[in-house]
Structures are given as structure tokens and as C-alpha cells.
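S.K.: This is model.txt, which holds compact mmCIF, C-alpha atoms:
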# COMPACT_ATOMS: atom_id res chain seq x y z
CA MET A 1 114.72 57.95 150.79
CA GLU A 2 118.21 59.11 151.51
CA ILE A 3 117.41 62.61 150.30
CA SER A 4 114.30 63.05 152.43
CA ILE A 5 116.13 61.84 155.52
CA LYS A 6 118.94 64.28 154.86
CA THR A 7 116.34 67.03 154.49
CA ASP A 8 114.87 66.11 157.87
CA VAL A 9 118.27 66.14 159.55
CA LEU A 10 119.09 69.53 158.05
CA LYS A 11 115.62 70.89 158.98
CA GLY A 12 116.07 69.80 162.61
CA ASN A 13 119.49 71.43 162.57
CA GLU A 14 118.07 74.68 161.20
CA ASP A 15 115.57 74.89 164.09
CA GLN A 16 118.33 74.48 166.66
CA ALA A 17 120.54 76.92 164.76
CA ALA A 18 117.79 79.53 164.99
CA ALA A 19 117.67 78.96 168.76
CA ASN A 20 121.44 79.43 168.98
CA ARG A 21 121.21 82.61 166.93
CA ALA A 22 118.56 83.94 169.33
CA ILE A 23 120.94 83.30 172.26
CA PHE A 24 123.80 85.11 170.50
CA ASN A 25 121.58 88.09 169.70
CA LYS A 26 120.10 88.30 173.20
CA GLU A 27 123.59 88.33 174.73
CA GLY A 28 124.94 90.79 172.15
CA ILE A 29 127.48 88.27 170.88
CA THR A 30 128.84 88.02 167.34
CA ALA A 31 129.50 84.38 166.38
CA LEU A 32 131.95 83.13 163.73
CA ASN A 33 132.14 79.62 162.26
CA ILE A 34 135.69 78.90 161.06
CA MET A 35 136.07 76.09 158.54
CA GLY A 36 138.83 74.56 156.44
CA SER A 37 140.80 71.40 155.63
CA PRO A 38 142.82 69.56 158.26
CA GLY A 39 146.11 71.42 158.45
CA ALA A 40 144.87 74.63 156.80
CA GLY A 41 145.97 76.41 159.97
CA LYS A 42 142.67 77.14 161.70
CA THR A 43 143.98 76.79 165.26
CA THR A 44 147.18 78.72 164.60
CA ILE A 45 145.15 81.53 163.04
CA LEU A 46 142.89 81.46 166.08
CA GLU A 47 145.85 81.67 168.49
CA ARG A 48 147.32 84.61 166.61
CA THR A 49 143.90 86.30 166.35
CA ILE A 50 143.39 86.00 170.10
CA GLN A 51 146.83 87.46 170.81
CA LEU A 52 146.09 90.48 168.64
CA ALA A 53 142.44 90.95 169.63
CA LYS A 54 142.07 90.03 173.28
CA ALA A 55 142.92 93.48 174.61
CA ARG A 56 140.14 94.94 172.45
CA LEU A 57 137.48 92.21 172.36
CA LYS A 58 135.97 89.96 175.02
CA LEU A 59 136.10 86.67 173.19
CA GLY A 60 135.45 83.01 173.82
CA VAL A 61 136.09 79.91 171.73
CA ILE A 62 134.30 76.66 170.94
CA GLU A 63 136.70 74.02 169.64
CA GLY A 64 135.34 71.24 167.43
CA ASP A 65 137.34 68.06 166.90
CA ILE A 66 136.54 64.45 166.20
CA PHE A 67 138.91 63.27 168.93
CA THR A 68 141.45 64.82 171.37
CA THR A 69 141.49 68.15 173.21
CA LYS A 70 144.71 69.27 171.53
CA ASP A 71 143.20 72.42 170.03
CA ALA A 72 141.30 73.45 173.17
CA ASP A 73 144.52 73.00 175.18
CA ARG A 74 146.31 75.36 172.80
CA ILE A 75 143.53 77.97 173.06
CA GLU A 76 143.39 77.67 176.83
CA GLY A 77 147.03 78.72 176.80
CA GLN A 78 145.88 82.04 175.36
CA GLY A 79 143.87 82.85 178.48
CA VAL A 80 140.38 83.05 177.01
CA PRO A 81 137.31 80.93 177.86
CA VAL A 82 137.20 77.81 175.69
CA THR A 83 135.06 74.70 175.57
CA GLN A 84 135.73 71.55 173.56
CA ILE A 85 133.26 69.54 171.49
CA ASN A 86 134.42 66.04 170.56
CA THR A 87 132.15 64.75 167.81
CA GLY A 88 133.34 61.18 168.39
CA GLY A 89 133.50 60.36 164.70
CA ALA A 90 131.15 62.89 163.10
CA CYS A 91 132.79 64.91 160.35
CA HIS A 92 131.19 68.27 161.23
CA LEU A 93 129.71 70.26 164.09
CA ASP A 94 125.96 70.68 164.28
CA ALA A 95 123.73 73.19 166.05
CA VAL A 96 122.84 70.81 168.92
CA MET A 97 126.50 70.29 169.79
CA VAL A 98 127.09 74.04 169.77
CA ASN A 99 124.03 74.63 171.95
CA LYS A 100 125.45 72.31 174.61
CA ALA A 101 128.84 74.00 174.41
CA LEU A 102 127.24 77.45 174.88
CA LYS A 103 126.06 76.36 178.33
CA GLU A 104 129.70 76.09 179.40
CA LEU A 105 130.77 79.57 178.33
CA PRO A 106 130.31 82.81 180.37
CA LEU A 107 128.02 84.35 177.76
CA ALA A 108 127.23 87.53 179.69
CA GLU A 109 130.94 88.43 179.64
CA LEU A 110 131.51 87.85 175.91
CA GLU A 111 131.08 89.89 172.74
CA LEU A 112 132.62 87.46 170.23
CA ILE A 113 132.50 83.66 170.02
CA ILE A 114 134.70 81.90 167.50
CA ILE A 115 133.68 78.35 166.67
CA GLU A 116 136.42 76.23 165.10
CA ASN A 117 134.81 73.46 163.09
CA VAL A 118 136.15 69.96 162.38
CA GLY A 119 138.88 69.94 159.72
CA ASN A 120 136.90 69.24 156.56
CA LEU A 121 136.32 71.37 153.46
CA VAL A 122 132.98 69.75 152.65
CA CYS A 123 130.54 68.61 155.32
CA PRO A 124 130.69 71.46 157.89
CA VAL A 125 129.41 73.95 155.31
CA GLU A 126 125.99 72.30 155.19
CA PHE A 127 125.33 72.66 158.91
CA ASN A 128 124.23 76.09 160.12
CA LEU A 129 125.34 76.54 163.74
CA GLY A 130 123.47 79.81 164.26
CA GLU A 131 126.63 81.83 163.55
CA HIS A 132 126.49 85.29 162.02
CA LEU A 133 129.15 84.52 159.48
CA LYS A 134 131.28 81.73 158.11
CA VAL A 135 135.03 82.16 157.66
CA ALA A 136 136.92 79.89 155.24
CA ILE A 137 140.60 79.13 155.80
CA LEU A 138 142.51 77.85 152.78
CA SER A 139 146.26 77.43 152.89
CA VAL A 140 147.87 78.34 149.59
CA ILE A 141 149.89 75.13 149.75
CA GLU A 142 146.67 73.16 149.20
CA GLY A 143 146.78 74.19 145.54
CA ASP A 144 145.08 76.69 143.26
CA ASP A 145 142.60 74.07 141.99
CA LYS A 146 140.77 73.89 145.33
CA PRO A 147 138.23 76.75 145.02
CA LEU A 148 136.54 75.27 141.93
CA LYS A 149 136.71 71.72 143.34
CA TYR A 150 135.14 72.73 146.68
CA PRO A 151 133.03 75.76 145.74
CA LEU A 152 130.33 75.61 148.44
CA ILE A 153 132.54 76.79 151.31
CA PHE A 154 133.58 79.85 149.31
CA ARG A 155 130.03 80.61 148.24
CA GLU A 156 128.77 80.48 151.83
CA SER A 157 131.62 82.32 153.55
CA THR A 158 131.77 86.07 154.18
CA VAL A 159 135.54 86.00 154.60
CA VAL A 160 138.37 83.83 153.32
CA LEU A 161 141.84 83.81 154.82
CA LEU A 162 144.51 82.53 152.42
CA ASN A 163 147.00 81.16 154.92
CA LYS A 164 150.64 79.99 154.78
CA MET A 165 151.57 82.81 152.41
CA ASP A 166 155.16 82.36 153.64
CA LEU A 167 155.26 79.01 151.80
CA LEU A 168 154.17 80.41 148.43
CA PRO A 169 157.74 80.58 147.05
CA PHE A 170 158.14 76.85 147.73
CA CYS A 171 155.09 75.52 145.92
CA ASP A 172 153.75 75.51 142.36
CA VAL A 173 150.67 77.60 143.05
CA ASN A 174 149.32 80.46 140.97
CA LEU A 175 147.97 82.84 143.60
CA GLU A 176 146.19 85.05 141.06
CA ASN A 177 144.30 82.06 139.61
CA MET A 178 143.36 80.95 143.12
CA LYS A 179 141.98 84.40 143.97
CA GLN A 180 140.19 84.79 140.64
CA ASP A 181 138.45 81.45 141.11
CA ILE A 182 137.35 82.42 144.63
CA TYR A 183 135.96 85.75 143.38
CA SER A 184 134.21 83.98 140.48
CA ILE A 185 132.34 81.86 143.05
CA ASN A 186 131.68 84.74 145.44
CA PRO A 187 132.40 88.27 144.15
CA GLN A 188 131.53 89.82 147.54
CA ILE A 189 133.88 87.70 149.65
CA LYS A 190 136.41 89.58 151.80
CA LEU A 191 139.85 88.07 151.22
CA PHE A 192 142.94 88.36 153.41
CA GLU A 193 146.38 86.98 152.54
CA VAL A 194 148.00 85.90 155.78
CA SER A 195 150.61 83.73 157.44
CA ALA A 196 149.64 82.79 160.96
CA ARG A 197 153.19 81.52 161.42
CA THR A 198 154.98 84.77 160.56
CA GLY A 199 152.11 87.09 161.44
CA GLU A 200 151.97 88.53 157.91
CA GLY A 201 148.58 90.09 157.15
CA MET A 202 147.08 89.14 160.52
CA GLU A 203 146.67 92.72 161.76
CA GLN A 204 144.48 93.68 158.79
CA TRP A 205 142.24 90.67 159.44
CA VAL A 206 141.98 91.41 163.17
CA GLU A 207 141.28 95.09 162.49
CA TRP A 208 138.42 94.05 160.19
CA LEU A 209 137.13 91.63 162.81
CA CYS A 210 137.20 94.23 165.60
CA ARG A 211 135.30 96.69 163.43
CA LEU A 212 132.73 94.00 162.60
CA VAL A 213 132.04 93.23 166.25
CA ARG A 214 131.84 96.89 167.35
CA MET B 1 117.00 56.87 164.39
CA GLU B 2 120.00 58.49 162.81
CA ILE B 3 122.24 55.60 163.85
CA SER B 4 120.04 52.88 162.39
CA ILE B 5 119.72 54.75 159.10
CA LYS B 6 123.48 55.13 158.91
CA THR B 7 123.83 51.41 159.57
CA ASP B 8 121.46 50.67 156.66
CA VAL B 9 123.38 52.94 154.32
CA LEU B 10 126.68 51.34 155.29
CA LYS B 11 125.18 47.83 155.00
CA GLY B 12 123.93 48.55 151.48
CA ASN B 13 127.36 49.89 150.63
CA GLU B 14 129.06 46.74 151.96
CA ASP B 15 126.95 44.54 149.67
CA GLN B 16 127.92 46.57 146.61
CA ALA B 17 131.55 46.67 147.78
CA ALA B 18 131.57 42.86 147.88
CA ALA B 19 130.27 42.81 144.31
CA ASN B 20 133.04 45.20 143.23
CA ARG B 21 135.62 43.03 144.98
CA ALA B 22 134.35 40.00 143.09
CA ILE B 23 134.82 41.87 139.80
CA PHE B 24 138.38 42.86 140.73
CA ASN B 25 139.24 39.29 141.70
CA LYS B 26 137.66 37.76 138.59
CA GLU B 27 139.67 40.12 136.37
CA GLY B 28 142.87 39.63 138.36
CA ILE B 29 143.00 43.33 139.28
CA THR B 30 144.46 44.80 142.46
CA ALA B 31 142.48 47.85 143.59
CA LEU B 32 143.74 50.73 145.77
CA ASN B 33 141.67 53.41 147.47
CA ILE B 34 143.74 56.57 147.93
CA MET B 35 142.50 59.00 150.58
CA GLY B 36 143.67 62.25 152.18
CA SER B 37 142.85 65.90 152.83
CA PRO B 38 142.28 68.38 150.02
CA GLY B 39 145.76 69.45 148.96
CA ALA B 40 147.62 66.52 150.53
CA GLY B 41 148.95 65.80 147.05
CA LYS B 42 146.92 62.76 145.99
CA THR B 43 146.78 63.61 142.28
CA THR B 44 150.41 64.67 142.07
CA ILE B 45 151.45 61.41 143.76
CA LEU B 46 149.26 59.55 141.30
CA GLU B 47 150.84 61.32 138.31
CA ARG B 48 154.34 60.53 139.53
CA THR B 49 153.37 56.94 140.37
CA ILE B 50 152.01 56.42 136.86
CA GLN B 51 155.18 57.86 135.30
CA LEU B 52 157.33 55.44 137.29
CA ALA B 53 155.07 52.39 137.07
CA LYS B 54 153.36 52.42 133.68
CA ALA B 55 156.14 50.55 131.88
CA ARG B 56 155.82 47.73 134.45
CA LEU B 57 152.10 47.70 135.35
CA LYS B 58 148.95 47.90 133.30
CA LEU B 59 147.04 50.43 135.35
CA GLY B 60 143.82 52.40 135.22
CA VAL B 61 142.47 55.19 137.39
CA ILE B 62 139.11 56.19 138.84
CA GLU B 63 139.05 59.86 139.85
CA GLY B 64 136.62 61.00 142.53
CA ASP B 65 135.76 64.66 142.93
CA ILE B 66 132.77 66.62 144.10
CA PHE B 67 132.89 68.88 141.05
CA THR B 68 135.16 69.42 138.00
CA THR B 69 137.20 67.00 135.89
CA LYS B 70 140.49 68.72 136.74
CA ASP B 71 142.09 65.61 138.22
CA ALA B 72 140.92 63.24 135.48
CA ASP B 73 142.27 65.68 132.88
CA ARG B 74 145.67 65.56 134.60
CA ILE B 75 145.67 61.76 134.69
CA GLU B 76 144.57 61.51 131.07
CA GLY B 77 147.72 63.42 130.24
CA GLN B 78 149.68 60.44 131.59
CA GLY B 79 148.26 58.17 128.89
CA VAL B 80 146.42 55.64 131.05
CA PRO B 81 142.69 54.79 131.07
CA VAL B 82 140.82 57.05 133.50
CA THR B 83 137.20 57.65 134.37
CA GLN B 84 135.81 60.49 136.46
CA ILE B 85 133.17 60.28 139.18
CA ASN B 86 131.60 63.59 140.17
CA THR B 87 129.76 63.09 143.44
CA GLY B 88 127.81 66.34 142.96
CA GLY B 89 128.13 67.37 146.59
CA ALA B 90 128.75 64.09 148.41
CA CYS B 91 131.87 64.14 150.56
CA HIS B 92 133.07 60.60 149.73
CA LEU B 93 132.92 57.90 147.07
CA ASP B 94 130.72 54.89 147.66
CA ALA B 95 130.67 51.41 146.17
CA VAL B 96 127.77 52.12 143.79
CA MET B 97 129.61 55.05 142.22
CA VAL B 98 132.72 52.90 141.76
CA ASN B 99 130.67 50.08 140.25
CA LYS B 100 129.36 52.46 137.57
CA ALA B 101 132.86 53.75 136.89
CA LEU B 102 134.19 50.19 136.45
CA LYS B 103 131.90 49.76 133.45
CA GLU B 104 133.87 52.48 131.66
CA LEU B 105 137.32 50.97 132.13
CA PRO B 106 138.90 48.24 129.94
CA LEU B 107 139.06 45.76 132.84
CA ALA B 108 140.43 42.83 130.83
CA GLU B 109 143.54 44.90 130.01
CA LEU B 110 144.29 46.05 133.57
CA GLU B 111 146.15 44.63 136.56
CA LEU B 112 145.95 47.64 138.90
CA ILE B 113 143.17 50.19 139.47
CA ILE B 114 143.89 53.21 141.61
CA ILE B 115 140.82 55.00 142.96
CA GLU B 116 141.43 58.56 144.11
CA ASN B 117 138.80 59.48 146.66
CA VAL B 118 137.30 62.92 147.40
CA GLY B 119 139.66 65.14 149.42
CA ASN B 120 138.52 64.48 152.98
CA LEU B 121 140.33 62.90 155.91
CA VAL B 122 137.13 61.68 157.56
CA CYS B 123 134.14 60.45 155.57
CA PRO B 124 135.74 58.36 152.79
CA VAL B 125 137.25 55.97 155.35
CA GLU B 126 133.83 54.64 156.34
CA PHE B 127 132.86 53.58 152.82
CA ASN B 128 134.36 50.33 151.56
CA LEU B 129 134.65 50.48 147.77
CA GLY B 130 135.66 46.84 147.37
CA GLU B 131 139.35 47.81 147.18
CA HIS B 132 142.09 45.46 148.38
CA LEU B 133 143.83 48.13 150.37
CA LYS B 134 143.51 51.72 151.48
CA VAL B 135 146.39 54.17 151.09
CA ALA B 136 146.51 57.32 153.24
CA ILE B 137 148.25 60.45 151.99
CA LEU B 138 149.23 62.99 154.64
CA SER B 139 151.36 65.98 153.77
CA VAL B 140 153.80 66.82 156.55
CA ILE B 141 152.78 70.45 156.26
CA GLU B 142 149.34 69.55 157.67
CA GLY B 143 150.93 69.25 161.12
CA ASP B 144 152.10 66.52 163.47
CA ASP B 145 148.85 66.64 165.47
CA LYS B 146 146.80 65.15 162.63
CA PRO B 147 147.26 61.37 163.21
CA LEU B 148 145.73 61.47 166.70
CA LYS B 149 143.00 63.88 165.62
CA TYR B 150 141.99 61.75 162.62
CA PRO B 151 142.98 58.23 163.71
CA LEU B 152 140.53 56.14 161.66
CA ILE B 153 142.21 56.66 158.29
CA PHE B 154 145.55 55.49 159.73
CA ARG B 155 143.96 52.50 161.47
CA GLU B 156 142.28 51.34 158.24
CA SER B 157 145.13 51.99 155.81
CA THR B 158 147.80 49.47 154.81
CA VAL B 159 150.15 52.18 153.60
CA VAL B 160 150.71 55.84 154.44
CA LEU B 161 152.66 58.23 152.25
CA LEU B 162 154.01 61.25 154.12
CA ASN B 163 154.12 63.76 151.29
CA LYS B 164 155.70 67.20 150.76
CA MET B 165 158.86 66.17 152.62
CA ASP B 166 160.63 68.95 150.69
CA LEU B 167 158.67 71.49 152.77
CA LEU B 168 159.68 70.05 156.14
CA PRO B 169 162.45 72.64 156.71
CA PHE B 170 159.86 75.43 156.31
CA CYS B 171 157.28 74.30 158.85
CA ASP B 172 157.14 73.67 162.59
CA VAL B 173 156.48 69.96 162.39
CA ASN B 174 158.11 67.22 164.42
CA LEU B 175 158.38 64.36 161.95
CA GLU B 176 159.34 61.80 164.60
CA ASN B 177 156.24 62.62 166.67
CA MET B 178 154.08 62.37 163.57
CA LYS B 179 155.48 58.94 162.72
CA GLN B 180 155.30 57.68 166.30
CA ASP B 181 151.64 58.68 166.52
CA ILE B 182 150.87 56.88 163.25
CA TYR B 183 152.62 53.72 164.46
CA SER B 184 150.81 53.95 167.82
CA ILE B 185 147.50 53.81 165.91
CA ASN B 186 148.64 51.13 163.46
CA PRO B 187 151.93 49.36 164.23
CA GLN B 188 151.77 47.34 160.97
CA ILE B 189 151.34 50.29 158.63
CA LYS B 190 153.88 50.63 155.81
CA LEU B 191 155.20 54.20 155.78
CA PHE B 192 156.98 56.03 152.96
CA GLU B 193 158.43 59.54 153.20
CA VAL B 194 158.02 61.16 149.80
CA SER B 195 157.82 64.36 147.84
CA ALA B 196 155.75 63.99 144.72
CA ARG B 197 157.06 67.38 143.62
CA THR B 198 160.79 66.53 143.77
CA GLY B 199 160.39 62.78 143.31
CA GLU B 200 162.10 62.01 146.65
CA GLY B 201 161.15 58.57 147.97
CA MET B 202 158.76 57.83 145.11
CA GLU B 203 160.81 54.96 143.64
CA GLN B 204 160.67 52.99 146.90
CA TRP B 205 156.90 53.38 147.04
CA VAL B 206 156.45 52.35 143.40
CA GLU B 207 158.81 49.38 143.87
CA TRP B 208 156.68 48.24 146.81
CA LEU B 209 153.52 48.73 144.77
CA CYS B 210 154.84 46.73 141.79
CA ARG B 211 155.81 43.86 144.07
CA LEU B 212 152.37 43.95 145.70
CA VAL B 213 150.58 43.64 142.35
CA ARG B 214 152.84 40.89 140.96
Show me the file's structure as C-alpha cells.
M.R.:
Amino acid sequence: MEISIKTDVLKGNEDQAAANRAIFNKEGITALNIMGSPGAGKTTILERTIQLAKARLKLGVIEGDIFTTKDADRIEGQGVPVTQINTGGACHLDAVMVNKALKELPLAELELIIIENVGNLVCPVEFNLGEHLKVAILSVIEGDDKPLKYPLIFRESTVVLLNKMDLLPFCDVNLENMKQDIYSINPQIKLFEVSARTGEGMEQWVEWLCRLVR
Amino acid sequence: MEISIKTDVLKGNEDQAAANRAIFNKEGITALNIMGSPGAGKTTILERTIQLAKARLKLGVIEGDIFTTKDADRIEGQGVPVTQINTGGACHLDAVMVNKALKELPLAELELIIIENVGNLVCPVEFNLGEHLKVAILSVIEGDDKPLKYPLIFRESTVVLLNKMDLLPFCDVNLENMKQDIYSINPQIKLFEVSARTGEGMEQWVEWLCRLVR
């Protein structure tokens, strides 16, 4: 019973996701779904990405959180359109929530929408939001065992940003093993080593993103 | 519809959790449910806890992971009974999974069972496993905004371990704000500042744990 219900929920989500995708395509908008653990650095990466990209790209943001508007407040400080989804307990965004949020963004003025999902390495991956690509954020400090323990996010993502590279000297992490395991799950994945805090590697990622959108 | 189904699932889980609790009580076992984000340091804390406590406490471990036996392999290296649950995709342990795992542990020889949940700051909190208390692990590097963004785990936990204290000088985290927010959610929570990597603060936590069990 549980399985068939889950199938129904995911099927309903897929229908709404297709509707969202049609909106993105009609408006000429590229949509990204950014996912990662709590504290992986999703919002800091987003802030730094906006700073580097906003002169070149017309972008808007959808912030997903269980509670609080802390992340949307931070993004608002960057001077781009942002709307907040509070899931009120749910551990992931779904396509219906994103559809509602789209009504609050000036779509005709945008060419890129970045959706920041709830901090969770598991559940968000199963819910298609209509995005064109998924971006995984993994901070190196989380440990080199994480790719094989949470493979789905790496299998489904087009890009992975390995964040907090500045902390690598202070933790017992084998970066080569971490990268090898990611590539073993998804040989095509585009991987950037970054530190949103120091800015290291962020220009390469933003350059790639700008080329993708154009 | 979704809400009533969720209620049924949680109700079924509560019944099995009560059965697990009865087993723990009959065998004179204290049971802990350890929860936190991927990479918060749950397994490393567990290894260090076992090293410090195994001469004083007869303990066993249930390891929860979506895939792999990496964590159980690490715990086995500590020379205590351990059994692995692979959820095969599910983002949390539930009471039925734990009940099956209990059949593989030498219950009559144990006085403490530590259950390490799937790495996830959200979903595991909703599923009672029959444990006597929940323990939250939050690494300081995850950021001082996390308690208010993920309040449920702090509300439901008896203890919180703030881990990776050795990395505090290298991140932009206000420890006092983090602690204040945790206490604002749960004024009774017992808080330990630790580093499983350096051992800092671990003896106080283990001392508290030994007194709890005895």
C-alpha cells in the first residue's frame, strides 16, 4: 500500500513539474534546483554566485526552507527578485510549491531561476520541480564516505560543487577518493572545487553557468 | 488524503515503537537514537564514545544507512556487537526496521543500545523507534542559523552534542547565538561542546551517559 501511494504522489508531482517546465520554456528561463545537506553552504554559494553573475544574467531565486525566512532575507540583500517557500515541516520542495512561488516572480524579466531546496541530501532528489538541471552541493568537511552513502543525488545531478575547500587542511578527508566515488556514480557529472567563503573556484562555476544560460 | 495516510503510517510506527520499548525495558537496556545531518560526525562520535565507555558499559550498536555498511564496519572495529540496517532509499529509520535489528543483537548481555539514524536533520525526528531518548548531533560548521531552521530535532532531543568545535576558528559561526537559539527551542536540553576528532569534551559527555545508564 505504501508503495502505490508513494507512486501516486510522485505521479501527481510529475504532472505539475511538467507544467512548471512549460512555463520556464515559454518564458525562456533556465531553472536550477540546488540541493545539499543542511550547512553544505547552499545559500552562501548562491550569494556569491549572484554577486559574480548579476551583471551578466537576469536572475531570480526561489528559497525553500522548512521554517524562517533567513535565507530569503540574505538573498534579498543581493538585490535580485526572491520569493520564499516555507514547507512548514515537509523535508523537500515539490512542484506545486514551486508553481505557487513562480506567480510571485517577474518571469518576463528573468533568464535564470535558481531554486534552493530544503537542506536534505535524500528526499529532495525524488521530487522533480520542472527544473532543467539539478546541482548538488557537498562540503568536503562532510566526509569522503558521503557519495557512496547518498548516491542518488550524485546520479541525478548535472553539476556538483565541492564546497568549503578552504577547510580541507583541517579535516581527515581524502579528496581524491571523494571525487572518484562521485565519478563512479556519474561519470558525466561536471565537478567544481570551490569555497564560497574565500571565493576560490567560484568564477569557473559562474562562467560555466553563464555559458549554459546563453 | 496525504495527511490521513501520514497519520496512519505514524500510528503504525508508534505501535511498533511501544513494542520495542517493552523489549528494552524487559532486558534492562537503555536505548539512544542519535540523529543529525550527513557529515555532522555521528559515527566518529560513536567510535570515540565506545572507546571511552566500553570498559564501563556493555553496549551494542544499530547502524542505519540508506546504502553501504561503511559505518557498521567502522563500529565493528571497536569490538562491540553491531548490526546494520540498510533502508534501501528511505530517509529515516522506523520502528519495524529497529525491531528486526534487535533480533540480531545479544540483548541479554547489553545495558545500552545506541541507534545511529540515517543522516538527515528532518525526517528521522518524526519516527519514534522506542528509544528512551533522542540525541542530536550538530557540527558547528553547519552554521548558527540551523537550530531555528530545523527546530523539531532540538525540541525532541534530550541532549545535543555540538561537534567539530576544533573547526570553530575557521568558520564564521557565532557559537553563543547557536546555543541561545537551541535553548530558546528547548530550555531543558543538555548541551555538550565536543570534537570527536580531537577528543575535546568527549569525557564529560561519556560521564553523563554512564551515569544515565546506571
S.K.: Please report as JSON lines every residue of chain A lying within 9 Å of chain B, along with the nearest atom pair and their distance in Å (one decimal), using only C-alpha atoms.
M.R.:
{"residue": "A:Glu2", "atom": "CA", "partner": "B:Val9", "partner_atom": "CA", "distance": 8.5}
{"residue": "A:Ile5", "atom": "CA", "partner": "B:Ile5", "partner_atom": "CA", "distance": 8.7}
{"residue": "A:Val9", "atom": "CA", "partner": "B:Glu2", "partner_atom": "CA", "distance": 8.5}
{"residue": "A:Ser37", "atom": "CA", "partner": "B:Ser37", "partner_atom": "CA", "distance": 6.5}
{"residue": "A:Pro38", "atom": "CA", "partner": "B:Glu142", "partner_atom": "CA", "distance": 6.5}
{"residue": "A:Gly39", "atom": "CA", "partner": "B:Glu142", "partner_atom": "CA", "distance": 3.8}
{"residue": "A:Ala40", "atom": "CA", "partner": "B:Glu142", "partner_atom": "CA", "distance": 6.8}
{"residue": "A:Gly41", "atom": "CA", "partner": "B:Glu142", "partner_atom": "CA", "distance": 8.0}
{"residue": "A:Asp65", "atom": "CA", "partner": "B:Lys149", "partner_atom": "CA", "distance": 7.2}
{"residue": "A:Ile66", "atom": "CA", "partner": "B:Lys149", "partner_atom": "CA", "distance": 6.5}
{"residue": "A:Phe67", "atom": "CA", "partner": "B:Lys149", "partner_atom": "CA", "distance": 5.3}
{"residue": "A:Thr68", "atom": "CA", "partner": "B:Lys149", "partner_atom": "CA", "distance": 6.0}
{"residue": "A:Thr69", "atom": "CA", "partner": "B:Lys149", "partner_atom": "CA", "distance": 8.8}
{"residue": "A:Lys70", "atom": "CA", "partner": "B:Asp145", "partner_atom": "CA", "distance": 7.8}
{"residue": "A:Gly89", "atom": "CA", "partner": "B:Val122", "partner_atom": "CA", "distance": 8.1}
{"residue": "A:Ala90", "atom": "CA", "partner": "B:Val122", "partner_atom": "CA", "distance": 8.2}
{"residue": "A:Cys91", "atom": "CA", "partner": "B:Val122", "partner_atom": "CA", "distance": 6.1}
{"residue": "A:Gly119", "atom": "CA", "partner": "B:Leu121", "partner_atom": "CA", "distance": 8.1}
{"residue": "A:Asn120", "atom": "CA", "partner": "B:Asn120", "partner_atom": "CA", "distance": 6.2}
{"residue": "A:Leu121", "atom": "CA", "partner": "B:Asn120", "partner_atom": "CA", "distance": 7.2}
{"residue": "A:Val122", "atom": "CA", "partner": "B:Cys91", "partner_atom": "CA", "distance": 6.1}
{"residue": "A:Cys123", "atom": "CA", "partner": "B:Cys91", "partner_atom": "CA", "distance": 6.7}
{"residue": "A:Ser139", "atom": "CA", "partner": "B:Gly39", "partner_atom": "CA", "distance": 8.9}
{"residue": "A:Ile141", "atom": "CA", "partner": "B:Gly39", "partner_atom": "CA", "distance": 7.1}
{"residue": "A:Glu142", "atom": "CA", "partner": "B:Gly39", "partner_atom": "CA", "distance": 3.8}
{"residue": "A:Gly143", "atom": "CA", "partner": "B:Gly39", "partner_atom": "CA", "distance": 5.9}
{"residue": "A:Asp145", "atom": "CA", "partner": "B:Lys70", "partner_atom": "CA", "distance": 7.8}
{"residue": "A:Lys146", "atom": "CA", "partner": "B:Pro38", "partner_atom": "CA", "distance": 7.4}
{"residue": "A:Leu148", "atom": "CA", "partner": "B:Thr68", "partner_atom": "CA", "distance": 7.2}
{"residue": "A:Lys149", "atom": "CA", "partner": "B:Phe67", "partner_atom": "CA", "distance": 5.3}
{"residue": "A:Tyr150", "atom": "CA", "partner": "B:Ile66", "partner_atom": "CA", "distance": 7.0}
{"residue": "A:Pro151", "atom": "CA", "partner": "B:Phe67", "partner_atom": "CA", "distance": 8.3}
{"residue": "A:Leu152", "atom": "CA", "partner": "B:Gly89", "partner_atom": "CA", "distance": 8.7}
{"residue": "A:Asp166", "atom": "CA", "partner": "B:Phe170", "partner_atom": "CA", "distance": 8.8}
{"residue": "A:Leu167", "atom": "CA", "partner": "B:Phe170", "partner_atom": "CA", "distance": 7.4}
{"residue": "A:Phe170", "atom": "CA", "partner": "B:Leu167", "partner_atom": "CA", "distance": 7.4}
{"residue": "A:Cys171", "atom": "CA", "partner": "B:Arg197", "partner_atom": "CA", "distance": 8.7}
{"residue": "A:Asp172", "atom": "CA", "partner": "B:Arg197", "partner_atom": "CA", "distance": 8.9}
{"residue": "A:Arg197", "atom": "CA", "partner": "B:Cys171", "partner_atom": "CA", "distance": 8.7}
S.K.: For CA of Ala17 (chain A) and CA of Leu129 (chain A), quote the distance in Å rounded to one decimal.
M.R.: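 Going from CA of Ala17 (chain A) over to CA of Leu129 (chain A), I get 4.9 Å.
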S.K.: I want to know what sits within 9 Å of Met165 (chain B), based on only C-alpha atoms, with residues of the same chain fewer than 3 positions away left out; could you give that as a ChimeraX atom specification?
M.R.: /B:139-141,162,168-169,193-196,200
S.K.: Rounded to one decimal place, report the CA of Lys190 (chain B)-CA of Val61 (chain B) distance in Å.
M.R.: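 Interatomic distance here is 22.1 Å.
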S.K.: Could you check which of A:Val82, A:Pro147, A:Ala55, A:Gly64 is closest to Asp181 (chain A), using all atoms listed in the file?
M.R.: A:Pro147
S.K.: Just want the 12 Å neighbourhood of Ala31 (chain B), counted on only C-alpha atoms, with same-chain residues fewer than 2 positions away dropped. Output as a PyMOL selection string.
M.R.: chain B and resi 17+20-25+27-29+33-34+59-62+98+102+107+110-116+128-135+209+212-213
S.K.: Just to confirm, what's the straight-line distance from CA of Met97 (chain B) to CA of Gln16 (chain B) in Å (one decimal)?
M.R.: 9.7 Å
S.K.: For Gln188 (chain B), work out the shell of residues within 12 Å, counting all atoms listed in the file and skipping chain neighbours fewer than 4 positions away, then give it as a PDB file with C-alpha atoms, in the frame of the given file.
M.R.:
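Listing of around05.pdb after writing:
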ATOM      1  CA  PHE B 154     145.550  55.490 159.730  1.00  0.00           C
ATOM      2  CA  ARG B 155     143.960  52.500 161.470  1.00  0.00           C
ATOM      3  CA  GLU B 156     142.280  51.340 158.240  1.00  0.00           C
ATOM      4  CA  SER B 157     145.130  51.990 155.810  1.00  0.00           C
ATOM      5  CA  THR B 158     147.800  49.470 154.810  1.00  0.00           C
ATOM      6  CA  VAL B 159     150.150  52.180 153.600  1.00  0.00           C
ATOM      7  CA  VAL B 160     150.710  55.840 154.440  1.00  0.00           C
ATOM      8  CA  ILE B 182     150.870  56.880 163.250  1.00  0.00           C
ATOM      9  CA  TYR B 183     152.620  53.720 164.460  1.00  0.00           C
ATOM     10  CA  SER B 184     150.810  53.950 167.820  1.00  0.00           C
TER      11      SER B 184
END
S.K.: Go through A:Glu176, A:Glu76, A:Glu63, A:Glu207 and flag the residue nearest Leu93 (chain A), using only C-alpha atoms for the distances.
M.R.: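 Once distances to Leu93 (chain A) are computed over only C-alpha atoms, the minimum belongs to A:Glu63.
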S.K.: Using all atoms listed in the file, which residue out of A:Thr44, A:Gln204, A:Thr87, A:Asn13 lies closest to Arg74 (chain A)?
M.R.: A:Thr44
